[in-house]
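I have placed the structure first, in the form of structure tokens, so that the comments after it can refer back to it.
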Amino acid sequence: MNWIIILVVLTGLVVLRRFKLGMLAWLGVWWFAALVFVRFGFDVAVPMSVVKLYMGIVSLGLMAYVLSDRNRLKQVQEPLVALLTERSHAVLLGVIALAIPSAVAANIYFGMTAPAKPPVFGRTVHPAPPTELNVFDKEFDLVSLDNPYRHLEEAEPEEFATRVAHGREVYYENCFYCHGDLLAGDGMFIHGLNPIPTNFQDQGTLPILQESFVFWRITKGAPGLPEEGGPWASAMPAWEKFLNEDEVWDVILFIYDFTGARPRARHEVDH
Amino acid sequence: MNIPVPLKIAILAVGGTAFYGYVGQLVPQKEVHPPEVVEINKDVTSVEMAEIGKEIFNGKGICATCHTIGKSGALRFPDLDGVAVRSASRIPGYTDVDYLAETLYEPDKFLVPGFNKGMPQINKAPIGLTDDEILAVIAYLQSLGGSPSVTMETRVVYTGGALGGGTAAVAEAKSASDGAEESQISSILATACSGCHTAGNPADGPSMEDISGRLSRQEILTRTVDHSPPLPNAGQLTLADLQDIVDSISQIKGAV
Amino acid sequence: MKKKKLLLFIGPLLLFIVSGLAIKSAFFVDGKLAYRSPAAEQGERWTPREQALEDEAAATEKANREKPYEEAEYRAFPVVGSRVAIWVVSQLHLLFAAFVLAVPMFALTIEFIGYKTGDKRYDDLAYEFTKLLSVSFSLTAAFGAGLTFMLIALYPKFTNYLAHVFSPTFLPYVLLFFAEAGFLYSYYYGWGKFSARVHLFLGLMLNVVGTCIMLIANAWLTFMSTPSGISESGAVISTWEAVSNYTWMPINIHRVIANVAFGGSIAGAYAAYKFLSAKTDEERAHYDWMGYIGNFVAIAGLLPLPFAGYYLASEIYAFSQTMGLTMMGGAFSWLFIIQAVLIGNLFLFANWYLWLGMGRIEGAERFRPFIKYLLIVVTLCFMVWATPRSILATVEEVQAMGGSSHPILGFLGVMSAKNTAVNILILTTYISFLLYRRSGKIPTVSWAKMGNRIQFGIFVAAASIVIFYGVYGYFVEAAVRIKFSVPQVMSVLLAMILVTIIDVLLMRNAKSTETRWGKISPISQYVLIMLAVTFTWIMGLMGYLRSGLRQHWHVYGVIRDTSPDAFTPTLGFATQVVSVTVILFFALISFVFWLAGLSGKKVTAAVEPNPTLPAAQGLRPVGFEAPATSSVATTSGGHQAKAGSSPDSGGSVQ
């Protein structure tokens with residue numbers, strides 16, 4: 001949250017109350033305030049697609065507000081009608097009449113001269129896993145698969161610590177180039193990657209996944225991603241070709257241990 | 001300006017519908033195509049057949065639902081690790097191909113001691129593998145502890161062959177291929193390569209005329225391996241084939 | 001002058017035809033005169049023309065005689081292809097069927113209320129709803145026949161298979177259909193001709209038979225998604241097992257509720273159309289009231305729908321995890337963002353209509369300031385509800401966010417936030433309704449203040465419980481979190497029930513101001529129409545989801561789709577087809593409305609002033625407020641005026 005911006009927006013709204021603004025002006029003020037809040041009110045900028053979605057909803061809401069009462073509608077209509085009909089507004093009307101096509105032209109100009117960008121695409125970040133996985137010349141049932149070393153955490157903490165330490169070695173030998181020193185998905189290679197590597201520190205990633213899912217993603221990498229859910233250009237290698245089974249399980253233990261996340265518990269769909 | 005009510009309503013309904021249709025255009029657009037049906041070409045090698053067979057084993061054939069590979073203990077169905085070795089000696093007079101074919105076409109005829117009936121006929125519904133697919137599965141099973149010998153030409157008892165025929169056919173094919181190797185390489189050079197690499201038409205590919213004088217063997221090898229566009233049918237060439245081809249190319253003196 | 005106009009019109013048309021003919025003949029002549037070298041010169045063996053024609057005819061005949069019979073798996077539909085053709089026809093069939101099934105349900109309820117309270121207006125209203133039925137019924141049957149023939153013609157192999165599994169259900173279906181026709185027409189034409197009890201019984205049977213028809217048809221289509229009762233190769237073992245497959249019951253429940261909501265919204269749109277084209281205040285008052293009831297039915301159906309949807313989704317998961325994940329996480333996950341926009345709109349429109357409705361009540365001004373805050377809550381919940389989990393973003397944006405989910409908005413994209421948002425939305429809509437209900441009344445009971453406080457307290461408590469579980473959901477395991485939706489829903493439902501009870505008691509003997517039916521802003525009627533459009537569109541979208549989930553299967557896991565249309569199209573394409581279907585539906589339903597208008601003859605009967613019966617009011621369901629205007633226009637067909645049958649006598653109600 002960018003509190004300075006929010007404070008500025010709020011003070012602006014309070015200050016404007018002192019002036020006598022018409023309904024139309026207030027609509028503009030509210031719409032603009034919402035835009036500033038959504039666009040700049042967050043430390044990390046909100047993607048344009050979401051800004052557009054939110055502003056669409058805000059516009060609908062404001063429309064409902066105006067149209068749900070006859071007086072309000074009249075208050076909005078009157079200045080508009082006055083603008084179009086009264087002589088005293090002729091200059092303003094002329095300016096607006098010129099401004100609209102100019103804005104369209106400017107929009108097209110900036111759209112055409114903007115540097116080329118890769119197309120925006122949506123991916124399902126965690127696609128539906130298959131029910132079975134065939135790696136290391138074995139069949140894994142992903143529905144019931146658990147990390148075979150997870151139980152050591154309570155049963156034999158020392159053994160578990162060695163496993164994690166081994167996982168750490170595996171991580172820093174193989175993964176950290178992309179996934180970063182602190183597992184934040186910001187390794188040294190990421191500038192060439194799109195999509196960028198997964199950020200394990202994100203609370204919306206590891207905690208919502210089961211270890212079997214992580215196992216599938218590590219062993220199969222980008223080539224094993226299902227077709228549905230988006231264009232896959234991920235550079236994640238299929239680690240089944242480079243790591244053995246134990247190494248994969250250990251590195252999973254490590255990334256969960258390092259980020260302090262707990263794997264998602266399995267729940268039975270009862271029927 | 002008085003717009004009649006029905007028109008107003010029509011505009012609203014069409015406008016509202018168009019708006020929702022527009023929302024539908026804003027989300028990611030992705031077509032999902034059904035998985036491809038694996039078609040086995042007639043000219044695949046035995047090793048490739050084994051790979052296809054592995055896919056069928058785990059996928060369409062749903063063999064892996066019951067059979068394990070590399071598991072011991074109390075099993076409901078035989079483990080298939082090293083089945084290639086055992087299958088040759090299970091039934092006297094049967095080759096490994098004959099035996100494997102029988103277990104697939106008529107699974108109840110011979111039962112591995114200690115196991116019960118329970119396997120469906122693989123060529124019938126619901127699994128319904130085709131004869132070609134069963135050959136690929138046999139190739140895969142042969143690769144478990146051995147090396148595959150069946151080809152797409154192999155005929156077993158159920159597809160119009162005779163007992164012991166499978167191996168014989170393989171042996172024939174093998175000896176024939178050994179003898180034909182030399183002439184095969186030169187025919188590849190004559191037909192496949194010279195199709196593009198002709199002296200007259202540099203747009204298709206650089207001429208190989210007097211190539212031994214211009215490029216070293218290593219350079220020829222690099223260019224052959226990193227061939228752009230990829231060599232047609234490159235997947236069917238073994239490394240040895242490739243080396244033979246490169247050797248032949250690097251000996252070219254004068255016109256091709 | 002007129003001639004000139006005609007000339008202006010015909011002139012260009014003639015010009016167009018003549019130039020077309022000229023071009024056509026030029027091509028023809030060009031083709032005739034083109035130089036061809038003689039066959040002999042081309043090195044071909046020359047055959048006399050007659051001989052060649054004879055040979056050709058003989059060859060064709062021989063080929064025809066020897067042509068083997070081949071069973072076709074698919075046949076193509078011209079231009080748009082088989083899938084789109086069958087998609088549009090079945091969707092139209094479904095929309096009309098939903099309407100035909102739903103209207104009798106609330107028509108019967110309204111008739112029953114009229115019978116109980118003795119209020120003639122309810123009876124008239126029920127009749128007016130029923131009037132929309134008969135044409136819709138024929139259209140449903142026509143589209144049903146179209147669908148059947150298209151299935152036989154375009155998908156013979158698949159249709160054959162369905163017949164293999166379900167042939168025992170076909171005959172009962174046809175018989176039920178006859179019964180439906182019988183009950184429908186006797187219910188409609190027998191209005192006022194039978195005793196009230198017999199007529200109500202006919203209505204009840206109409207509903208029972210209609211529901212049975214739906215149950216059978218549901219069995220077919222749920223079997224396609226979640227087949228059971230068959231062997232591994234698809235041979236039928238038990239038809240009953242095939243009928244009662246995993247999703248049959250969930251679909252039955254979901255459809256009944258959704259049909260009622262949809263039917264209510266369409267009836268509301270009819271009332272809106274009549275309101276807008278009404279010429280007199282009486283008509284306006286009547287259709288305002290009708291639209292109000294249609295909207296009430298629609299919203300009452302909408303509120304429980306999300307829960308029926310959860311039940312359906314959980315059964316899909318239970319049948320096949322893969323199918324469930326395809327729905328929520330795979331190819332179809334973005335469909336739910338579109339759905340969120342639609343549902344958010346539904347709630348917004350519903351609230352909006354209620355706020356506009358306050359315009360017809362004297363003394364509603366005191367509630368006007370609250371609307372602003374309700375609107376803010378609705379808008380915020382809508383925004384949370386529509387926040388996607390995986391956000392569409394450019395590369396820079398993704399890098400700035402450090403992942404595909406935003407550090408703060410990411411919290412809004414998950415289940416916890418969305419459940420909270422939808423529960424608060426339901427609660428807000430209910431508060432809007434309550435405000436509307438109370439706007440015309442001043443309580444006279446002694447504990448009025450206390451009652452208000454208790455009601456307020458209940459709302460606060462319910463909202464707090466919902467928000468508490470919503471926030472707490474972030475701190476627990478997913479398995480626990482999923483169960484939180486139950487207390488959230490229960491607290492909202494409980495709050496709604498308790499508040500309703502208190503409100504009924506509170507408003508006993510309340511001083512009521514006049515409800516000026518018809519004195520409502522015309523904008524409200526456009527809102528009603530948009531509500532109907534949105535309902536129809538969302539039905540089309542969810543119909544696509546249910547069908548599309550099968551992906552490349554006709555019958556999931558049993559009969560594979562090997563036609564060229566086996567792939568799953570993009571959502572953009574799907575929404576285009578849905579949009580076209582919705583527009584076609586509205587074109588046809590306006591035809592139905594027009595016909596319904598023709599059949600009624602204007603009879604403005606001055607219904608005697610009806611002082612609201614205090615005793616009866618307590619019995620009434622909350623929504624059904626009797627119009628307090630002294631007279632309403634009743635448009636009645638057969639039972640009052642025989643002239644109704646001649647088309648030129650009515651010309652609608654104008």
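Here's how to read the names in the structure tokens: chain A, B, ... by the order shown, residue numbers from 1 in each chain, ligand numbers from 1 in the order shown.
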
Close residues, segment 441-447 of chain C itself excluded, 6 Å, only C-alpha atoms, min 4 positions apart in chain, as a PyMOL selection string
chain C and resi 507+510-512

Any idea what's packed within 12 Å of segment 170-172 of chain A, counting only C-alpha atoms, ignoring anything in its chain fewer than 6 positions away? Could you give it as a PyMOL selection string?
chain A and resi 163-164+178-183+187+218+239+242-256+258

Out of segment 207-250 of chain C, which residues get alpha helix (DSSP H) from DSSP, as a ChimeraX atom specification?
/C:207-225,239-243,248-250

Considering only C-alpha atoms, can you say which of C:Asp565, C:Glu282, C:Asp123, C:Asp30 comes closest to chain B?
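Among the listed residues, the smallest separation from chain B belongs to C:Asp565.
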
Residues of chain B no more than 9 Å from chain A, counting only C-alpha atoms: send them over as a ChimeraX atom specification.
/B:26-33,58,64,68-70

Please identify every residue of chain B that has at least one atom no more than 10 Å from any atom of chain C, counting only C-alpha atoms, and report them as a ChimeraX atom specification.
/B:4-6,8-10,12-35,124-128

Using the selection just defined, write its residues with C-alpha atoms as a PDB file, in the first residue's frame.
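File written: result.pdb
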ATOM      1  CA  PRO B   4     -39.957   3.641 -30.517  1.00  0.00           C
ATOM      2  CA  VAL B   5     -39.882   1.437 -27.438  1.00  0.00           C
ATOM      3  CA  PRO B   6     -39.310  -1.913 -29.203  1.00  0.00           C
ATOM      4  CA  LYS B   8     -34.921   0.903 -27.654  1.00  0.00           C
ATOM      5  CA  ILE B   9     -35.334  -2.509 -26.083  1.00  0.00           C
ATOM      6  CA  ALA B  10     -33.704  -4.199 -29.072  1.00  0.00           C
ATOM      7  CA  LEU B  12     -30.395  -2.507 -25.186  1.00  0.00           C
ATOM      8  CA  ALA B  13     -30.601  -6.287 -25.578  1.00  0.00           C
ATOM      9  CA  VAL B  14     -28.151  -6.390 -28.470  1.00  0.00           C
ATOM     10  CA  GLY B  15     -25.858  -3.901 -26.722  1.00  0.00           C
ATOM     11  CA  GLY B  16     -25.886  -5.864 -23.478  1.00  0.00           C
ATOM     12  CA  THR B  17     -25.200  -9.109 -25.312  1.00  0.00           C
ATOM     13  CA  ALA B  18     -22.408  -7.503 -27.297  1.00  0.00           C
ATOM     14  CA  PHE B  19     -20.874  -6.173 -24.077  1.00  0.00           C
ATOM     15  CA  TYR B  20     -20.773  -9.658 -22.558  1.00  0.00           C
ATOM     16  CA  GLY B  21     -19.392 -11.030 -25.792  1.00  0.00           C
ATOM     17  CA  TYR B  22     -16.701  -8.344 -25.597  1.00  0.00           C
ATOM     18  CA  VAL B  23     -15.826  -9.397 -22.034  1.00  0.00           C
ATOM     19  CA  GLY B  24     -15.362 -12.871 -23.442  1.00  0.00           C
ATOM     20  CA  GLN B  25     -12.763 -11.527 -25.877  1.00  0.00           C
ATOM     21  CA  LEU B  26     -10.675 -10.001 -23.093  1.00  0.00           C
ATOM     22  CA  VAL B  27      -9.673 -13.227 -21.380  1.00  0.00           C
ATOM     23  CA  PRO B  28      -6.857 -15.374 -22.745  1.00  0.00           C
ATOM     24  CA  GLN B  29      -7.849 -17.182 -25.912  1.00  0.00           C
ATOM     25  CA  LYS B  30      -6.716 -20.758 -26.053  1.00  0.00           C
ATOM     26  CA  GLU B  31      -7.805 -23.705 -28.107  1.00  0.00           C
ATOM     27  CA  VAL B  32      -7.255 -27.132 -26.616  1.00  0.00           C
ATOM     28  CA  HIS B  33      -6.783 -29.921 -29.092  1.00  0.00           C
ATOM     29  CA  PRO B  34      -7.452 -33.562 -28.306  1.00  0.00           C
ATOM     30  CA  PRO B  35      -4.420 -35.765 -27.774  1.00  0.00           C
ATOM     31  CA  LYS B 124     -10.491 -56.968 -27.813  1.00  0.00           C
ATOM     32  CA  ALA B 125     -12.585 -54.204 -26.284  1.00  0.00           C
ATOM     33  CA  PRO B 126     -12.302 -52.357 -23.977  1.00  0.00           C
ATOM     34  CA  ILE B 127      -8.562 -52.012 -24.494  1.00  0.00           C
ATOM     35  CA  GLY B 128      -8.677 -53.009 -28.120  1.00  0.00           C
TER      36      GLY B 128
END

If you count only C-alpha atoms, which residues fall within 9 Å of segment 95-103 of chain C, apart from same-chain ones fewer than 6 positions away, as a PyMOL selection string?
chain C and resi 129-130+132-134+136-137+139-141+143-144+206-207+210-211+214+255-264+266-267+536+539-540+585+589

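Nearest-residue note for chain A: choosing from C:Phe535, C:Trp385, C:Tyr472, C:Phe77, the minimum distance belongs to C:Trp385, counting only C-alpha atoms.
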
Which residue, C:Val476, C:Leu584, C:Ile230, C:Val198, has the smallest gap to chain A when you use only C-alpha atoms?
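Of C:Val476, C:Leu584, C:Ile230, C:Val198, the one nearest chain A is C:Val476, counting only C-alpha atoms.
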
Counting only C-alpha atoms, the option among A:Leu209, A:Val51, A:Ala64, A:Ala222 closest to chain C:
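With only C-alpha atoms as the atom set, the closest residue is A:Ala64.
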
Give me the residues near segment 67-69 of chain A as a PyMOL selection string, where near means some atom within 7 Å (using only C-alpha atoms) and where sequence neighbours in that chain fewer than 6 positions away do not count.
chain C and resi 352+355-356

With only C-alpha atoms as the basis for distance, which of A:Ala82, A:Val46, A:Val76, A:Val29 is at the shortest distance from chain C?
A:Val46
